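Asks: Structure incoming, see below.
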Amino acid sequence: MLIEVADLRRQTGNEKEFTGKIARIEIELQGALAVLSEVAVKGLAKNVGGKIYIKGNVVADANLNCSRCLEPFVIPVESSFEDAYFAQRTVDYRDLEETGRIYKGDQIDLEDVIIESLILTLPMKAICHQDCKGLCPSCGCNLNTGHCSCGPQTIDPRLTILEEYNKHIKTRE
Ligand SMILES: [Zn+2]
Ligand SMILES: [Zn+2]
């Protein structure tokens, strides 16, 4: 997504609002693919003297797969971003000690900053519902929608402590 900044650059204090849409962004995160759709961006770009300061907000639908039952599901996500952009030909390396990015020509490409802000909103472990029952470890049946005859698993008593420990971890997720 590109923002035209030729007129902003002319004078310190110039500012403009911007909006944009991105149909689809694919993000690979820890081996799982997250697809963001209906990405809507809005924000403000302002010439603050020597650099363009951009602040914005993104809303999107995150299309994920449940890490327990593997079924696809969609959640709304929202994030915000802000950064300073320096024109490539006017870069003063002292300025870069402040955090900032470089842009070329008369346009600033916001794609990277938008993707970075969206990644922060994605769950590390995507779960379709808090009480998702997952898949039967024996037959692979989806226990949210079906039943199987595997029954409760028999557990070696020596493993009971481990089982309790696992339960404890699960309740803290
Ligand atoms: Zn699930
Ligand atoms: Zn089963």
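Just remember, in the structure tokens the first chain shown is A, the second B, etc., residues are 1-based per chain, and ligands are 1-based in the order shown.
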Once you count only C-alpha atoms and all ligand atoms, which residues end up within 8 Å of ligand 1, and could you hand them over as a list in words?
Replies: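 Written in the requested form, the residues are Asn65, Cys66, Ser67, Arg68, Cys69, Leu70, Glu71, Ile127, Cys128, His129, Cys132, Lys133, Gly134 and Asn144 of chain A.
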Asks: Give the helix (DSSP H, G or I) residues of stretch 55-107 of chain A, as DSSP finds them on the backbone, and put them as a list in words.
Replies: Gln88, Arg89, Thr90, Asp95, Leu96 and Glu97 of chain A
Asks: Around ligand 2, which protein and nucleic acid residues have at least one atom no more than 10 Å from it, if we count only C-alpha atoms and all ligand atoms? List them as a PDB file with C-alpha atoms, in the first residue's frame.
Replies:
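Contents of part17.pdb, freshly written:
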ATOM      1  CA  LEU A 135      -8.959 -34.670  17.944  1.00  0.00           C
ATOM      2  CA  CYS A 136      -9.063 -38.141  19.467  1.00  0.00           C
ATOM      3  CA  PRO A 137      -5.412 -39.131  19.876  1.00  0.00           C
ATOM      4  CA  SER A 138      -6.255 -42.708  18.849  1.00  0.00           C
ATOM      5  CA  CYS A 139      -8.494 -42.403  15.788  1.00  0.00           C
ATOM      6  CA  GLY A 140      -8.247 -38.731  14.827  1.00  0.00           C
ATOM      7  CA  CYS A 141     -12.014 -38.115  15.098  1.00  0.00           C
ATOM      8  CA  ASN A 142     -12.925 -34.442  15.690  1.00  0.00           C
ATOM      9  CA  LEU A 143     -14.378 -34.605  19.216  1.00  0.00           C
ATOM     10  CA  GLY A 146     -18.395 -36.468  16.605  1.00  0.00           C
ATOM     11  CA  HIS A 147     -17.920 -39.316  19.019  1.00  0.00           C
ATOM     12  CA  CYS A 148     -15.716 -42.330  18.733  1.00  0.00           C
ATOM     13  CA  SER A 149     -15.614 -45.578  20.631  1.00  0.00           C
ATOM     14  CA  CYS A 150     -11.996 -45.302  21.724  1.00  0.00           C
ATOM     15  CA  GLY A 151     -13.149 -44.448  25.269  1.00  0.00           C
ATOM     16  CA  PRO A 152     -10.993 -42.857  27.916  1.00  0.00           C
ATOM     17  CA  GLN A 153      -7.341 -43.641  27.490  1.00  0.00           C
TER      18      GLN A 153
END
Asks: DSSP on the backbone, strand (DSSP E or B) only: what residues of stretch 55-138 of chain A does that give? Format it as a PDB file with C-alpha atoms, in the first residue's frame.
Replies:
ATOM      1  CA  LYS A  55       0.444   6.689  12.411  1.00  0.00           C
ATOM      2  CA  GLY A  56      -2.350   4.300  11.497  1.00  0.00           C
ATOM      3  CA  ASN A  57      -4.764   1.585  12.388  1.00  0.00           C
ATOM      4  CA  VAL A  58      -5.525  -1.755  10.670  1.00  0.00           C
ATOM      5  CA  VAL A  59      -8.530  -4.050  10.953  1.00  0.00           C
ATOM      6  CA  ALA A  60      -8.659  -7.426   9.225  1.00  0.00           C
ATOM      7  CA  ASP A  61     -10.107 -10.924   9.314  1.00  0.00           C
ATOM      8  CA  ALA A  62      -7.525 -13.532  10.331  1.00  0.00           C
ATOM      9  CA  ASN A  63      -8.185 -16.925   8.738  1.00  0.00           C
ATOM     10  CA  LEU A  64      -6.466 -19.502  10.951  1.00  0.00           C
ATOM     11  CA  ASN A  65      -6.458 -23.227  11.596  1.00  0.00           C
ATOM     12  CA  PRO A  72     -10.312 -23.428   9.865  1.00  0.00           C
ATOM     13  CA  PHE A  73     -11.865 -20.465  11.671  1.00  0.00           C
ATOM     14  CA  VAL A  74     -11.916 -16.683  11.336  1.00  0.00           C
ATOM     15  CA  ILE A  75     -11.333 -14.023  14.001  1.00  0.00           C
ATOM     16  CA  PRO A  76     -11.332 -10.241  13.644  1.00  0.00           C
ATOM     17  CA  VAL A  77      -8.007  -8.602  14.497  1.00  0.00           C
ATOM     18  CA  GLU A  78      -7.043  -4.983  14.980  1.00  0.00           C
ATOM     19  CA  SER A  79      -3.638  -3.363  15.300  1.00  0.00           C
ATOM     20  CA  SER A  80      -1.966   0.006  15.145  1.00  0.00           C
ATOM     21  CA  PHE A  81       1.385   1.195  13.815  1.00  0.00           C
ATOM     22  CA  GLU A  82       3.543   4.292  13.829  1.00  0.00           C
ATOM     23  CA  ASP A  83       6.930   5.102  12.399  1.00  0.00           C
ATOM     24  CA  ALA A  84       9.104   7.894  11.044  1.00  0.00           C
ATOM     25  CA  TYR A  85      10.175   7.779   7.389  1.00  0.00           C
ATOM     26  CA  PHE A  86      13.256   9.489   6.015  1.00  0.00           C
ATOM     27  CA  ALA A  87      13.668  10.268   2.301  1.00  0.00           C
ATOM     28  CA  ARG A 101      12.676   3.727   7.963  1.00  0.00           C
ATOM     29  CA  ILE A 102      13.842   4.954   4.580  1.00  0.00           C
ATOM     30  CA  TYR A 103      11.628   5.576   1.557  1.00  0.00           C
ATOM     31  CA  GLN A 107       5.879   7.252  -2.187  1.00  0.00           C
ATOM     32  CA  ILE A 108       6.025   5.446   1.127  1.00  0.00           C
ATOM     33  CA  ASP A 109       5.210   1.751   1.035  1.00  0.00           C
ATOM     34  CA  LEU A 135      -8.959 -34.670  17.944  1.00  0.00           C
TER      35      LEU A 135
END
Asks: Rounded to one decimal in Å, what is the spacing between atom CA of A:Thr121 and atom CA of A:Leu2?
Replies: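 So the answer is 22.5 Å.
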Asks: Would you mind listing, for every residue of stretch 20-72 of chain A within 9 Å of stretch 7-12 of chain A, the two atoms forming the shortest contact and the distance between them in Å to one decimal, using only C-alpha atoms, sorted by chain and ascending residue number, as JSON lines?
Replies:
{"residue": "A:Ala45", "atom": "CA", "partner": "A:Leu8", "partner_atom": "CA", "distance": 8.1}
{"residue": "A:Lys46", "atom": "CA", "partner": "A:Leu8", "partner_atom": "CA", "distance": 7.0}
{"residue": "A:Asn47", "atom": "CA", "partner": "A:Thr12", "partner_atom": "CA", "distance": 5.1}
{"residue": "A:Val48", "atom": "CA", "partner": "A:Thr12", "partner_atom": "CA", "distance": 5.6}
{"residue": "A:Gly49", "atom": "CA", "partner": "A:Thr12", "partner_atom": "CA", "distance": 5.0}
{"residue": "A:Gly50", "atom": "CA", "partner": "A:Thr12", "partner_atom": "CA", "distance": 8.0}
{"residue": "A:Lys51", "atom": "CA", "partner": "A:Arg9", "partner_atom": "CA", "distance": 8.3}
{"residue": "A:Ile52", "atom": "CA", "partner": "A:Arg9", "partner_atom": "CA", "distance": 7.7}
Asks: What separation in Å, quoted to one decimal, exists between atom CA of A:Ala6 and atom CA of A:Gly105?
Replies: 8.5 Å
